[in-house]
Structure formats: C-alpha cells, structure tokens
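Asker: Input target.txt, format and content: compact mmCIF, C-alpha atoms and all ligand atoms.
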# COMPACT_ATOMS: atom_id res chain seq x y z
CA MET A 1 40.64 48.70 6.79
CA SER A 2 40.83 45.21 5.21
CA SER A 3 44.27 44.03 4.09
CA LEU A 4 44.89 43.98 0.36
CA ALA A 5 45.59 40.68 -1.35
CA THR A 6 47.45 42.23 -4.29
CA PRO A 7 50.17 44.81 -3.84
CA GLU A 8 49.35 47.38 -6.53
CA ASN A 9 47.62 50.47 -5.29
CA THR A 10 46.00 51.23 -8.60
CA GLU A 11 42.26 51.85 -8.90
CA PRO A 12 40.49 48.54 -8.33
CA THR A 13 38.20 47.34 -11.09
CA PHE A 14 35.33 44.91 -11.06
CA ASN A 15 35.22 42.65 -14.09
CA PRO A 16 33.56 39.35 -13.15
CA PHE A 17 33.74 38.20 -16.79
CA SER A 18 37.54 37.90 -16.86
CA PRO A 19 39.10 34.40 -16.56
CA ALA A 20 41.42 35.63 -13.77
CA PHE A 21 38.40 36.72 -11.77
CA LEU A 22 36.76 33.33 -12.21
CA GLN A 23 39.77 31.43 -10.88
CA ASP A 24 40.14 33.67 -7.83
CA PRO A 25 37.48 36.33 -7.25
CA TYR A 26 38.59 36.80 -3.64
CA SER A 27 41.75 38.83 -4.27
CA HIS A 28 39.66 41.20 -6.44
CA TYR A 29 37.10 41.54 -3.64
CA ALA A 30 39.85 42.29 -1.12
CA ARG A 31 41.10 45.18 -3.25
CA LEU A 32 37.60 46.59 -3.56
CA ARG A 33 37.00 46.33 0.20
CA GLY A 34 40.26 48.04 0.91
CA LEU A 35 40.31 50.76 -1.73
CA ASP A 36 36.80 51.50 -2.93
CA PRO A 37 34.01 49.89 -0.88
CA VAL A 38 31.26 51.60 -2.92
CA HIS A 39 32.77 51.12 -6.35
CA LEU A 40 31.16 52.44 -9.54
CA ALA A 41 31.89 49.70 -12.08
CA ARG A 42 32.47 50.48 -15.76
CA PHE A 43 29.16 48.84 -16.64
CA GLY A 44 27.33 51.36 -14.42
CA ALA A 45 26.49 49.39 -11.27
CA TYR A 46 27.59 50.33 -7.75
CA VAL A 47 29.54 47.45 -6.22
CA ILE A 48 29.32 47.08 -2.42
CA SER A 49 31.98 44.86 -0.87
CA ARG A 50 32.21 45.32 2.94
CA HIS A 51 30.20 43.15 5.33
CA ALA A 52 28.49 46.00 7.20
CA ASP A 53 27.55 47.80 3.97
CA VAL A 54 26.21 44.69 2.23
CA GLY A 55 24.06 43.90 5.29
CA PHE A 56 22.87 47.50 5.33
CA VAL A 57 21.80 47.53 1.67
CA LEU A 58 20.00 44.17 1.98
CA ARG A 59 17.97 45.46 4.93
CA ASP A 60 17.35 49.06 3.84
CA ARG A 61 13.95 49.63 2.22
CA ARG A 62 15.39 52.36 -0.01
CA PHE A 63 16.76 49.49 -2.11
CA GLY A 64 14.52 47.01 -3.89
CA LYS A 65 14.29 44.73 -6.91
CA ASP A 66 12.37 47.09 -9.19
CA PHE A 67 12.23 44.19 -11.67
CA ILE A 68 9.50 45.46 -13.99
CA GLU A 69 10.85 49.01 -14.32
CA ARG A 70 14.43 47.79 -14.65
CA SER A 71 13.50 45.30 -17.38
CA GLN A 72 11.51 47.97 -19.21
CA ARG A 73 14.42 50.42 -19.00
CA HIS A 74 16.68 47.72 -20.43
CA TYR A 75 14.50 46.11 -23.12
CA GLY A 76 11.69 48.62 -23.72
CA PRO A 77 8.12 48.97 -22.35
CA GLU A 78 6.72 45.91 -24.21
CA ILE A 79 9.03 43.44 -22.47
CA MET A 80 6.52 42.53 -19.78
CA ALA A 81 4.23 41.08 -22.47
CA GLU A 82 6.87 38.34 -22.99
CA THR A 83 5.85 35.17 -21.14
CA LEU A 84 9.28 34.64 -19.52
CA PHE A 85 9.40 38.16 -18.04
CA ASP A 86 5.76 37.98 -16.95
CA HIS A 87 6.54 34.65 -15.25
CA MET A 88 9.63 35.97 -13.45
CA SER A 89 7.80 39.11 -12.29
CA ARG A 90 5.47 36.83 -10.31
CA THR A 91 8.27 35.35 -8.19
CA MET A 92 8.85 36.61 -4.66
CA LEU A 93 12.57 36.78 -5.44
CA LEU A 94 12.05 39.60 -7.95
CA SER A 95 9.13 41.33 -6.18
CA ASP A 96 9.07 44.29 -3.83
CA PRO A 97 6.55 44.87 -1.03
CA PRO A 98 3.59 44.60 -0.88
CA GLN A 99 3.58 41.85 -3.57
CA HIS A 100 6.67 40.25 -1.98
CA GLU A 101 5.02 39.95 1.45
CA ARG A 102 1.95 38.35 -0.05
CA LEU A 103 3.81 35.79 -2.17
CA ARG A 104 6.34 34.90 0.51
CA GLY A 105 3.65 34.73 3.21
CA LEU A 106 1.72 32.17 1.19
CA VAL A 107 4.76 29.98 0.39
CA VAL A 108 6.47 30.20 3.79
CA LYS A 109 3.41 28.64 5.42
CA ALA A 110 3.81 25.48 3.35
CA PHE A 111 7.63 25.39 3.52
CA THR A 112 7.90 24.67 7.23
CA ALA A 113 10.85 23.50 9.34
CA ARG A 114 8.86 20.38 10.18
CA ARG A 115 8.43 19.53 6.49
CA VAL A 116 12.17 20.04 5.90
CA GLU A 117 13.22 17.92 8.89
CA ALA A 118 10.86 15.16 7.73
CA MET A 119 12.99 14.89 4.56
CA ARG A 120 16.04 13.66 6.51
CA PRO A 121 15.59 9.88 5.87
CA ARG A 122 14.84 10.48 2.18
CA ILE A 123 17.92 12.70 1.75
CA GLN A 124 20.02 9.98 3.40
CA GLN A 125 18.56 7.39 1.03
CA VAL A 126 19.25 9.51 -2.10
CA VAL A 127 22.85 10.10 -0.96
CA ASP A 128 23.39 6.39 -0.22
CA ASP A 129 21.90 5.39 -3.58
CA ALA A 130 24.24 7.80 -5.40
CA ILE A 131 27.24 6.26 -3.59
CA ASP A 132 26.04 2.66 -4.16
CA ALA A 133 25.82 3.36 -7.89
CA VAL A 134 29.55 4.17 -8.17
CA LEU A 135 31.19 2.42 -5.22
CA ASP A 136 32.60 -0.47 -7.27
CA VAL A 137 33.61 1.74 -10.17
CA GLY A 138 36.38 3.44 -8.18
CA LYS A 139 35.80 6.89 -9.66
CA MET A 140 33.08 9.48 -10.20
CA ASP A 141 32.41 13.08 -11.04
CA LEU A 142 31.42 14.53 -7.67
CA VAL A 143 29.16 17.07 -9.38
CA ALA A 144 27.17 14.96 -11.87
CA ASP A 145 27.26 11.61 -10.06
CA PHE A 146 26.90 12.86 -6.50
CA ALA A 147 26.08 16.51 -5.65
CA TYR A 148 23.42 16.68 -8.36
CA HIS A 149 21.14 14.00 -6.90
CA PRO A 150 19.92 15.17 -3.46
CA PRO A 151 18.71 18.69 -4.34
CA VAL A 152 16.85 17.64 -7.48
CA ALA A 153 15.31 14.47 -6.04
CA ILE A 154 14.25 16.22 -2.83
CA ILE A 155 12.56 19.22 -4.37
CA CYS A 156 10.71 16.92 -6.81
CA ASP A 157 9.65 14.72 -3.87
CA MET A 158 8.46 17.68 -1.83
CA LEU A 159 6.44 19.04 -4.73
CA GLY A 160 5.09 15.61 -5.65
CA ILE A 161 6.52 15.80 -9.18
CA PRO A 162 7.64 12.48 -10.70
CA GLU A 163 11.41 12.53 -11.16
CA GLU A 164 11.12 11.62 -14.83
CA ASP A 165 9.24 14.91 -15.47
CA ARG A 166 12.00 17.06 -14.05
CA LYS A 167 13.81 17.22 -17.40
CA LEU A 168 10.98 19.45 -18.52
CA PHE A 169 12.02 22.09 -15.99
CA HIS A 170 15.72 22.07 -16.67
CA ALA A 171 15.74 24.26 -19.76
CA CYS A 172 13.17 26.63 -18.24
CA SER A 173 15.24 26.79 -15.10
CA GLU A 174 18.34 27.76 -17.13
CA ASP A 175 16.36 30.62 -18.73
CA SER A 176 15.38 31.89 -15.28
CA VAL A 177 19.00 31.74 -14.12
CA LYS A 178 19.94 33.78 -17.17
CA ILE A 179 17.54 36.54 -16.09
CA LEU A 180 18.99 36.38 -12.58
CA GLU A 181 22.48 36.70 -14.07
CA SER A 182 21.25 39.77 -16.05
CA ALA A 183 22.48 38.09 -19.25
CA PRO A 184 20.98 39.62 -22.43
CA PHE A 185 18.49 37.64 -24.55
CA THR A 186 18.42 37.69 -28.35
CA PRO A 187 14.88 37.76 -29.85
CA GLU A 188 15.28 34.08 -30.85
CA GLU A 189 16.38 33.05 -27.35
CA LEU A 190 13.49 34.94 -25.84
CA ALA A 191 10.99 33.25 -28.17
CA THR A 192 12.36 29.81 -27.19
CA ALA A 193 12.30 30.73 -23.48
CA ASN A 194 8.69 31.95 -23.76
CA GLY A 195 7.72 28.61 -25.30
CA ARG A 196 9.35 26.72 -22.45
CA VAL A 197 7.54 28.74 -19.79
CA GLN A 198 4.29 28.06 -21.63
CA THR A 199 5.01 24.31 -21.64
CA VAL A 200 5.78 24.38 -17.91
CA ARG A 201 2.63 26.41 -17.19
CA SER A 202 0.50 23.89 -19.12
CA TYR A 203 2.16 20.98 -17.29
CA PHE A 204 1.29 22.54 -13.94
CA GLU A 205 -2.28 23.40 -15.00
CA ARG A 206 -2.77 19.65 -15.48
CA LEU A 207 -1.07 18.88 -12.14
CA TYR A 208 -3.29 21.42 -10.30
CA GLU A 209 -6.36 19.85 -11.88
CA GLN A 210 -5.26 16.41 -10.61
CA ARG A 211 -4.55 17.76 -7.12
CA ARG A 212 -7.88 19.54 -7.02
CA ARG A 213 -9.62 16.24 -7.74
CA CYS A 214 -7.33 14.26 -5.49
CA PRO A 215 -5.30 16.31 -2.92
CA CYS A 216 -1.99 14.78 -1.75
CA ASP A 217 0.28 15.37 1.21
CA ASP A 218 2.75 17.37 -0.88
CA LEU A 219 3.96 20.94 -1.15
CA THR A 220 2.03 21.53 -4.39
CA THR A 221 -1.28 20.71 -2.67
CA GLN A 222 -0.29 22.80 0.37
CA LEU A 223 0.62 25.76 -1.83
CA MET A 224 -2.69 25.44 -3.68
CA GLN A 225 -4.56 25.48 -0.38
CA SER A 226 -2.42 28.19 1.22
CA GLU A 227 -4.48 31.23 1.93
CA GLU A 228 -3.76 34.40 3.87
CA SER A 229 -6.17 37.24 4.66
CA GLY A 230 -8.51 35.94 1.97
CA SER A 231 -5.73 35.96 -0.64
CA LYS A 232 -4.64 32.86 -2.59
CA LEU A 233 -1.98 32.28 -5.22
CA THR A 234 -3.24 32.49 -8.80
CA ASN A 235 -2.24 29.61 -11.09
CA GLU A 236 0.51 31.74 -12.68
CA GLU A 237 1.82 32.73 -9.24
CA LEU A 238 1.69 29.12 -8.10
CA THR A 239 3.73 28.00 -11.10
CA ALA A 240 6.19 30.89 -10.63
CA SER A 241 6.60 29.94 -6.93
CA ILE A 242 7.11 26.26 -7.67
CA MET A 243 9.61 26.97 -10.44
CA LEU A 244 11.42 29.39 -8.11
CA LEU A 245 11.79 26.68 -5.47
CA PHE A 246 13.18 24.42 -8.17
CA VAL A 247 15.53 27.05 -9.66
CA ALA A 248 16.67 28.65 -6.39
CA GLY A 249 17.16 25.34 -4.66
CA HIS A 250 18.95 23.01 -7.00
CA GLU A 251 22.00 24.58 -8.63
CA THR A 252 22.83 26.49 -5.44
CA THR A 253 22.89 23.32 -3.34
CA ILE A 254 24.75 21.28 -5.97
CA ASN A 255 27.38 24.04 -5.98
CA LEU A 256 27.61 24.18 -2.19
CA ILE A 257 28.24 20.43 -1.94
CA GLY A 258 30.86 20.59 -4.74
CA ASN A 259 32.53 23.76 -3.43
CA GLY A 260 32.62 22.34 0.12
CA LEU A 261 34.23 19.09 -1.02
CA LEU A 262 36.83 20.96 -3.06
CA ALA A 263 37.61 23.33 -0.16
CA LEU A 264 38.11 20.37 2.18
CA HIS A 265 40.45 18.55 -0.21
CA ARG A 266 42.47 21.72 -0.74
CA ASN A 267 42.90 21.88 3.06
CA PRO A 268 43.93 18.36 4.09
CA GLN A 269 44.15 19.18 7.82
CA GLN A 270 40.56 20.35 7.80
CA LEU A 271 39.55 17.23 5.89
CA ALA A 272 41.31 15.01 8.44
CA LEU A 273 39.64 16.91 11.28
CA LEU A 274 36.16 16.44 9.84
CA ARG A 275 36.82 12.73 9.25
CA GLU A 276 37.83 12.41 12.87
CA ARG A 277 35.04 14.65 14.19
CA PRO A 278 31.93 14.31 11.95
CA ASP A 279 30.00 16.08 14.72
CA LEU A 280 31.64 19.29 13.41
CA ILE A 281 29.60 19.07 10.20
CA GLY A 282 27.20 21.87 11.25
CA SER A 283 29.95 24.46 11.66
CA ALA A 284 31.79 22.99 8.65
CA VAL A 285 28.81 23.67 6.36
CA ASP A 286 28.58 27.21 7.75
CA GLU A 287 32.24 27.61 6.90
CA PHE A 288 31.79 26.26 3.33
CA LEU A 289 28.99 28.78 2.90
CA ARG A 290 31.23 31.58 4.14
CA TYR A 291 34.37 30.52 2.31
CA GLU A 292 33.11 29.60 -1.18
CA PRO A 293 29.45 30.64 -1.44
CA SER A 294 27.41 29.36 -4.35
CA ILE A 295 25.79 32.76 -4.85
CA GLN A 296 28.51 35.36 -5.04
CA PHE A 297 26.35 38.45 -5.22
CA THR A 298 22.81 39.68 -5.46
CA GLY A 299 21.40 42.81 -7.03
CA ARG A 300 19.23 45.67 -5.87
CA VAL A 301 18.10 48.97 -7.37
CA ALA A 302 18.15 52.30 -5.49
CA LEU A 303 14.48 53.29 -5.21
CA GLU A 304 15.53 56.85 -4.24
CA ASP A 305 18.81 58.77 -3.99
CA VAL A 306 20.90 57.22 -1.21
CA TRP A 307 23.77 59.31 0.11
CA ASP A 308 24.79 57.72 3.43
CA LEU A 309 27.19 55.01 2.17
CA HIS A 310 30.77 56.21 2.46
CA GLU A 311 29.61 59.68 1.40
CA LYS A 312 28.86 58.54 -2.13
CA THR A 313 25.50 59.27 -3.70
CA ILE A 314 23.83 56.30 -5.28
CA PRO A 315 21.26 57.86 -7.58
CA LYS A 316 17.66 56.66 -7.84
CA GLY A 317 17.40 53.90 -10.46
CA ALA A 318 21.06 52.82 -10.16
CA SER A 319 21.85 49.11 -9.94
CA VAL A 320 23.67 47.98 -6.82
CA LEU A 321 25.59 44.72 -6.55
CA CYS A 322 25.93 43.33 -3.04
CA LEU A 323 29.05 41.13 -2.96
CA LEU A 324 27.99 38.45 -0.46
CA ALA A 325 31.18 36.49 -1.05
CA SER A 326 33.32 39.55 -0.35
CA ALA A 327 31.39 40.41 2.82
CA ASN A 328 32.13 36.89 4.06
CA ARG A 329 35.87 37.53 3.91
CA ASP A 330 35.84 40.98 5.48
CA GLU A 331 38.33 41.20 8.37
CA ALA A 332 36.02 43.62 10.14
CA ALA A 333 33.48 40.78 10.49
CA TYR A 334 35.97 37.89 10.68
CA PRO A 335 39.11 39.15 12.44
CA ASP A 336 40.65 35.67 12.59
CA ARG A 337 42.24 34.88 9.19
CA PRO A 338 39.20 35.18 6.93
CA GLU A 339 41.19 33.82 3.96
CA GLN A 340 41.58 30.46 5.72
CA LEU A 341 39.11 27.60 5.83
CA ASP A 342 38.43 26.79 9.48
CA ILE A 343 35.60 24.35 10.14
CA THR A 344 35.70 25.14 13.87
CA ARG A 345 35.17 28.87 13.31
CA HIS A 346 32.82 30.63 15.71
CA GLY A 347 31.22 34.04 15.46
CA GLY A 348 30.55 36.24 12.46
CA LYS A 349 27.44 35.90 10.38
CA ASN A 350 27.97 34.94 6.79
CA LEU A 351 25.68 36.56 4.24
CA SER A 352 25.53 33.61 1.83
CA PHE A 353 21.76 33.25 2.21
CA GLY A 354 21.27 37.01 1.83
CA GLY A 355 19.51 39.15 4.41
CA GLY A 356 16.46 41.33 5.00
CA ILE A 357 13.09 40.47 3.48
CA HIS A 358 14.53 38.18 0.76
CA PHE A 359 16.52 35.97 3.18
CA CYS A 360 16.69 32.50 1.63
CA LEU A 361 13.61 30.40 2.22
CA GLY A 362 15.53 27.17 1.67
CA ALA A 363 18.51 27.80 3.99
CA GLN A 364 17.61 24.99 6.37
CA LEU A 365 16.97 22.51 3.55
CA ALA A 366 20.25 23.39 1.82
CA ARG A 367 22.21 22.98 5.06
CA LEU A 368 20.60 19.63 5.86
CA GLN A 369 21.30 18.20 2.40
CA THR A 370 24.90 19.38 2.41
CA GLU A 371 25.54 18.02 5.91
CA ILE A 372 24.16 14.58 5.07
CA ALA A 373 25.91 14.43 1.66
CA ILE A 374 29.38 15.34 2.92
CA VAL A 375 29.39 13.34 6.15
CA THR A 376 28.09 10.24 4.37
CA LEU A 377 30.64 10.52 1.56
CA LEU A 378 33.57 10.86 4.00
CA ARG A 379 32.32 7.88 6.01
CA ARG A 380 31.53 5.55 3.13
CA ILE A 381 34.50 6.32 0.84
CA PRO A 382 37.28 7.32 3.26
CA GLU A 383 40.02 6.91 0.65
CA LEU A 384 38.37 9.26 -1.91
CA ARG A 385 40.80 11.71 -3.58
CA ILE A 386 39.96 14.64 -5.83
CA ASP A 387 42.05 14.30 -8.99
CA ASN A 388 42.82 17.99 -9.59
CA THR A 389 42.53 20.46 -6.75
CA GLU A 390 44.94 22.97 -8.35
CA ASN A 391 42.99 24.09 -11.42
CA PRO A 392 39.36 23.24 -10.86
CA ASP A 393 36.85 23.50 -13.66
CA TRP A 394 34.66 26.49 -12.61
CA LYS A 395 31.47 27.21 -14.53
CA PRO A 396 31.79 30.51 -16.44
CA LYS A 397 28.91 32.13 -14.54
CA PHE A 398 28.45 35.59 -13.17
CA VAL A 399 26.36 35.15 -10.02
CA MET A 400 26.51 31.43 -9.27
CA ARG A 401 29.87 29.96 -8.29
CA GLY A 402 30.19 26.25 -8.85
CA LEU A 403 32.18 23.55 -10.58
CA LYS A 404 31.35 22.08 -13.98
CA THR A 405 33.01 18.82 -12.97
CA LEU A 406 34.98 17.53 -9.99
CA PRO A 407 36.52 14.15 -10.86
CA ALA A 408 37.49 11.93 -7.92
CA SER A 409 38.80 8.39 -7.47
CA TRP A 410 39.47 5.88 -4.69
C1 LIG B 501 23.38 26.57 -0.86
C2 LIG B 501 22.16 26.74 -1.21
C3 LIG B 501 21.49 28.08 -1.31
C4 LIG B 501 22.02 29.33 -1.33
C5 LIG B 501 23.49 29.75 -1.25
C6 LIG B 501 20.91 30.25 -1.44
C7 LIG B 501 21.04 31.63 -1.45
C8 LIG B 501 20.00 32.52 -1.51
C9 LIG B 501 20.13 33.94 -1.47
C10 LIG B 501 21.45 34.70 -1.38
C11 LIG B 501 18.89 34.48 -1.54
C12 LIG B 501 18.52 35.96 -1.50
C13 LIG B 501 18.60 36.61 -2.84
C14 LIG B 501 18.38 38.10 -2.77
O1 LIG B 501 18.44 38.70 -1.71
O2 LIG B 501 18.19 38.68 -3.83
C15 LIG B 501 17.96 33.38 -1.65
C16 LIG B 501 16.61 33.52 -1.77
C17 LIG B 501 15.76 32.46 -1.94
N1 LIG B 501 16.07 31.13 -1.87
FE1 LIG B 501 17.89 30.33 -1.57
N2 LIG B 501 19.75 29.54 -1.51
C18 LIG B 501 20.05 28.21 -1.42
C19 LIG B 501 19.18 27.15 -1.42
C20 LIG B 501 17.83 27.27 -1.53
C21 LIG B 501 16.89 26.18 -1.49
C22 LIG B 501 17.26 24.72 -1.26
C23 LIG B 501 15.65 26.72 -1.71
C24 LIG B 501 14.32 26.05 -1.77
C25 LIG B 501 14.09 24.85 -2.16
C26 LIG B 501 15.82 28.15 -1.84
C27 LIG B 501 14.79 29.04 -2.07
C28 LIG B 501 14.93 30.41 -2.06
C29 LIG B 501 13.82 31.32 -2.28
C30 LIG B 501 12.37 30.93 -2.52
C31 LIG B 501 14.34 32.61 -2.20
C32 LIG B 501 13.59 33.92 -2.38
C33 LIG B 501 13.20 34.49 -1.04
C34 LIG B 501 12.55 35.85 -1.18
O3 LIG B 501 12.70 36.52 -2.20
O4 LIG B 501 11.87 36.24 -0.21
N3 LIG B 501 17.14 28.45 -1.73
N4 LIG B 501 18.65 32.20 -1.60
As a first step, turn the structure in this file into structure tokens.
Answerer:
Amino acid sequence: MSSLATPENTEPTFNPFSPAFLQDPYSHYARLRGLDPVHLARFGAYVISRHADVGFVLRDRRFGKDFIERSQRHYGPEIMAETLFDHMSRTMLLSDPPQHERLRGLVVKAFTARRVEAMRPRIQQVVDDAIDAVLDVGKMDLVADFAYHPPVAIICDMLGIPEEDRKLFHACSEDSVKILESAPFTPEELATANGRVQTVRSYFERLYEQRRRCPCDDLTTQLMQSEESGSKLTNEELTASIMLLFVAGHETTINLIGNGLLALHRNPQQLALLRERPDLIGSAVDEFLRYEPSIQFTGRVALEDVWDLHEKTIPKGASVLCLLASANRDEAAYPDRPEQLDITRHGGKNLSFGGGIHFCLGAQLARLQTEIAIVTLLRRIPELRIDNTENPDWKPKFVMRGLKTLPASW
C-alpha cells in the first residue's frame, strides 16, 4: 500500500476546488491511493488514484466518453443543437469507437513523426527569438514571455494559419477547455460560445476554399486530403480536429514548460545537474511530465456496470475520474522516492499523456518543444533565478495544472 502523506486516518475526500488542494494536490492523492483507491466523491464521480487501476480504466472498453448522452443527461436533450456542443462532439477526444477510430485515423496520417521532427529548427528559432526579446531587460514572466511562444507559433505554422489570426481561436479555445473541465455554462455564456464557434467555422470555410484552389504543404491541406477507406473529414469535422490540435496542444505544453522550470528551481541540485549534463534533457522532460503533469486527470463514463475494481461496483452511466497525476506518484509503479524530482529516473511509465485509444497524439511534439525550450534557456541565461518558488501562482483550474505567472530575473 502507498504511504500516506498526511497522518490523519479519517475518510479521504476529493475536493479539487479547495485552495489547499490547488497548492498541493499530491498529499490528497496519496491519501486516496492509500485509503480509498476507488473513491466515490461527494459530487458523484468515482475517483481512481492508483497507477494500475488508472491504466486499466483507460484501456478497458467498458469505459468511454459517452459525451452526447452525458451532456444530454446534464443539460437536457436539446443541448446537442447548441453549436458549441455539436462542435465538441465531432472531436476525437470526446468520441467513442467507431467514430473515434475514423477521426483519429484520418488525423494521425497527417500528424506524422517526420512532420514533427521537421519542426525542430523552427522551434529552436521561436525559442531563441523569445529569449532575444528579453535578454537585455534582465527579467521576464516565464509563462507569458517564454513558455507561451513555442506551442502557439508551432501549431499555427503546422496548420498554415497566420499568427495574427490566432487571437480568433483563443476565446473559442477557452470555451472548449471549459467543456473539458466540466464547468457549467449559463445560457448567456453558451450563446457567446456558440457565436465564437460559428466565427471560427466561417474562418476555416474560407481557409478550406483557399487551400482547395491552391493546396499548400501544411497540415490543413493534408487533413483536407486525408482519406481512409473512402471516408473523408466533413468541413465541421475538419474544423473540430484543427481546433482540437490547437486546444489540446497549446495550454498543455505551456504548462509543462512552466511546471518543469519551477520544479527544477525548487530542486537546485537537479537544476545544477541538468546545466552540467544537458544530454539528460530527454529523461528530465519525462520526469517533469511524471512529477507535475499539466493534465491532472481525465474522465470516462462506465458504459456498463463494472464490478472488478477493488470489489466496488461502478454503475453504468457513472462518471469516473482517472487521476493521472496520482498514478505518477504511486509507489507501486515508482518504488524509488516518487515524491522526489529525479531527472535521471529510469523505469516506470508515467500516464501524463493518457493511455489506450485516446493516447495523446501530440506527445512527441510536446516533448520536443519542452526539451528545446528548457535546454536553450539554461544555456543562454545561466544566471536566471525564479523570484518566488515558495508560493507559486497556480491557475485555479480543475483539470489543467499550470502557472498563471512565473516571474524570473537575471
Ligand atoms: C504537455 C503537453 C501535453 C499533455 C500533458 C497532453 C496530454 C494528453 C492526454 C492526457 C490526452 C488523453 C486524454 C484522454 O484520455 O481523455 C491527450 C489527448 C490528445 N492530445 Fe495531448 N497532451 C499534450 C500535448 C499535445 C499536443 C502538443 C497536441 C497536438 C498538437 C496534442 C493533441 C492531442 C489530441 C489530438 C488528443 C486526443 C487523442 C484522442 O482522443 O485519440 N496534445 N493529450
């Protein structure tokens, strides 16, 4: 059994909205792992916290996304007529087989390892430009002035979207994140969100028209041409897939770069080691992913009664939260001091990119960007200090873990 980070042996609770949880979710996870690994939270979801169980749920076909039925249960049967919900239902992330296989199959073909690797020089250039812009100033916010740039510039480059147009997607992207965080919408918020999706859809209709007339060597053209077993993406599916790449890929990577830099500066020996041995960056990024993952948990719905998880019955229709960040600190998977940051760690498989059929499509791209960003920063500004490592400014979010700001100086 995992060791408990807090001494009380009272019933563990799961309240990710509390400020104490936000500052240190890990001690709460440790209690859940130790005392109640399939925990029924007060808000009705089953919370899974051990590594083996999280991996099991992610791979087991008795659990799925059930997005349409779940949304209808929550908001009523008419909800799918709302543009935002219709749009989200066309993403692979919220689809179950067979729709999931079809959507993912069409996108995965265009999102190849070769295409990602070809982005290396451009990522390096974006990182260097961000550093050049602040080098003489002597200070920056590592989130807004640094971590923000590579993910956003790269996904826009890959898709062939001019950077100045990306502002258009930001608000729409926030609405999508809100759905992923299961945050409720007021009727006014929903009306605004619907309008934004419509604007984005119209923007892409024009882009598709241009690409049809004049195809380019970009991901948008590839996705338009992608075809499998006679099936192609419809325009709505294309837009949902492109927006998903934008949404899933940018905040997550910004957070990973920020969380990794904070973790290093909170562990000066590890920071010194990476400065001395930049060749360790591959295992260091794996360790940042394990130690402070930018997605803390992901949801599933039981598609039938499931009774073989610690002898508890999870009834059909119940929501299940898979605590990826808790699984990553489970002693059963990481026997060697899982609470410590160790950039030389070997073994164990972190679940930060999920598992099963929804395993992250952008894992390789996220790793590459984070590696280049962190190694370059340590090399080019060796005297950089983070101003406040004690009480960092975490965003008050439920699923995504990342910093609002991370001021640094040199
Ligand atoms: C540190 C960065 C990232 C993290 C931690 C991350 C994490 C995840 C996780 C946990 C999932 C699975 C969700 C689930 O099972 O419900 C996922 C799926 C996905 N991710 Fe990422 N991601 C990152 C970066 C990216 C990037 C850069 C892209 C693309 C540009 C991307 C695209 C996707 C897509 C398309 C899916 C859906 C796959 C599917 O449903 O089949 N991600 N990601």
Asker: When you draw a straight line from atom CA of Pro77 of chain A to atom CA of Val200 of chain A, how long is it in Å?
Answerer: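 Rounded to one decimal, the two atoms are 25.1 Å apart.
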Asker: Record the distance separating atom N3 of ligand LIG 501 (chain B) and atom CA of Ala118 of chain A, expressed in Å with one decimal.
Answerer: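 Separation between atom N3 of ligand LIG 501 (chain B) and atom CA of Ala118 of chain A: 17.5 Å.
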Asker: Go through A:Ala332, A:Leu378, A:Ile386, A:Ile179 one by one, measure the shortest atom-to-atom distance of each to Ala272 of chain A using all atoms listed in the file, and give the residue with the smallest value.
Answerer: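 So, comparing all the options, the nearest one is A:Leu378.
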Asker: One decimal, in Å: what's the spacing between atom CA of Gly195 of chain A and atom CA of Glu78 of chain A?
Answerer: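 These two atoms are separated by 17.4 Å.
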Asker: I'd like to know which of A:Tyr208, A:Tyr148, A:Phe297, A:Phe56 is closest to ligand LIG 501 (chain B), using all atoms listed in the file.
Answerer: A:Phe297
Asker: Ligand LIG 501 (chain B): which residues are within 7 Å, counting all atoms listed in the file, as JSON, numbers by chain?
Answerer: {"A": [58, 92, 93, 94, 100, 104, 151, 155, 244, 245, 246, 248, 249, 250, 252, 253, 255, 256, 289, 293, 294, 295, 298, 299, 352, 353, 354, 355, 357, 358, 359, 360, 361, 362, 363, 365, 366]}
Asker: Around (38.3, 33.4, -1.7) in the file's own coordinates, what residues are found within 9 Å if you use all atoms listed in the file, given back as a compact mmCIF listing (two decimals) with C-alpha atoms, in the coordinates of the input?
Answerer:
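out_34.txt was written with the following content:
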# COMPACT_ATOMS: atom_id res chain seq x y z
CA ASP A 24 40.14 33.67 -7.83
CA PRO A 25 37.48 36.33 -7.25
CA TYR A 26 38.59 36.80 -3.64
CA SER A 27 41.75 38.83 -4.27
CA TYR A 29 37.10 41.54 -3.64
CA TYR A 291 34.37 30.52 2.31
CA GLU A 292 33.11 29.60 -1.18
CA ALA A 325 31.18 36.49 -1.05
CA SER A 326 33.32 39.55 -0.35
CA ARG A 329 35.87 37.53 3.91
CA PRO A 338 39.20 35.18 6.93
CA GLU A 339 41.19 33.82 3.96
CA GLN A 340 41.58 30.46 5.72
Asker: Smallest atom-to-atom distance to Met140 of chain A: which of A:Pro407, A:Pro12, A:Pro162, A:Pro187, using only C-alpha atoms?
Answerer: A:Pro407
Asker: Which residue is closest to Met80 of chain A? Choose from A:Phe67, A:Ala130, A:Asp36, A:Pro150 and count only C-alpha atoms.
Answerer: A:Phe67
Asker: Between A:Glu164, A:Phe14, A:Phe146, A:Ser226, which one has atoms that come closest to Tyr46 of chain A, using all atoms listed in the file?
Answerer: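 Result for the nearest residue to Tyr46 of chain A: A:Phe14.
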Asker: Give as a PyMOL selection string every residue, naming chains and numbers as the document does, that has an atom within 7 Å of (5.6, 16.6, -2.6), counting all atoms listed in the file.
Answerer: chain A and resi 156-161+217-220
Asker: Excluding Ala171 of chain A and its own-chain neighbours fewer than 5 positions away, which residues fall within 10 Å of it when counting all atoms listed in the file? Please give them as a PDB file with C-alpha atoms, in the frame of the given file.
Answerer:
ATOM      1  CA  ARG A 166      12.000  17.060 -14.050  1.00  0.00           C
ATOM      2  CA  SER A 176      15.380  31.890 -15.280  1.00  0.00           C
ATOM      3  CA  VAL A 177      19.000  31.740 -14.120  1.00  0.00           C
ATOM      4  CA  THR A 192      12.360  29.810 -27.190  1.00  0.00           C
ATOM      5  CA  ALA A 193      12.300  30.730 -23.480  1.00  0.00           C
ATOM      6  CA  ARG A 196       9.350  26.720 -22.450  1.00  0.00           C
ATOM      7  CA  VAL A 197       7.540  28.740 -19.790  1.00  0.00           C
TER       8      VAL A 197
END
Asker: Of the residues A:Met88, A:Ser182, A:Glu251, A:Gly356, which is the one nearest to Val152 of chain A, using all atoms listed in the file?
Answerer: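 Of the candidates, the smallest distance to Val152 of chain A is held by A:Glu251.
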Asker: Which residues, written as a list in words, have at least one atom at most 12 Å from Gly347 of chain A, with only C-alpha atoms counted and residues fewer than 5 positions away on the same chain left out?
Answerer: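 Here the qualifying residues turn out to be Ser283, Asp286, Glu287, Arg290, Asn328, Ala332, Ala333, Tyr334, Pro335, Asp336, Pro338 and Asp342 of chain A.
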Asker: What's around Glu236 of chain A at 12 Å? Count all atoms listed in the file, leave out sequence neighbours fewer than 4 positions away in its own chain, and write the answer as a PyMOL selection string.
Answerer: chain A and resi 83-84+86-91+103+197-198+200-205+208+224+232+240-243
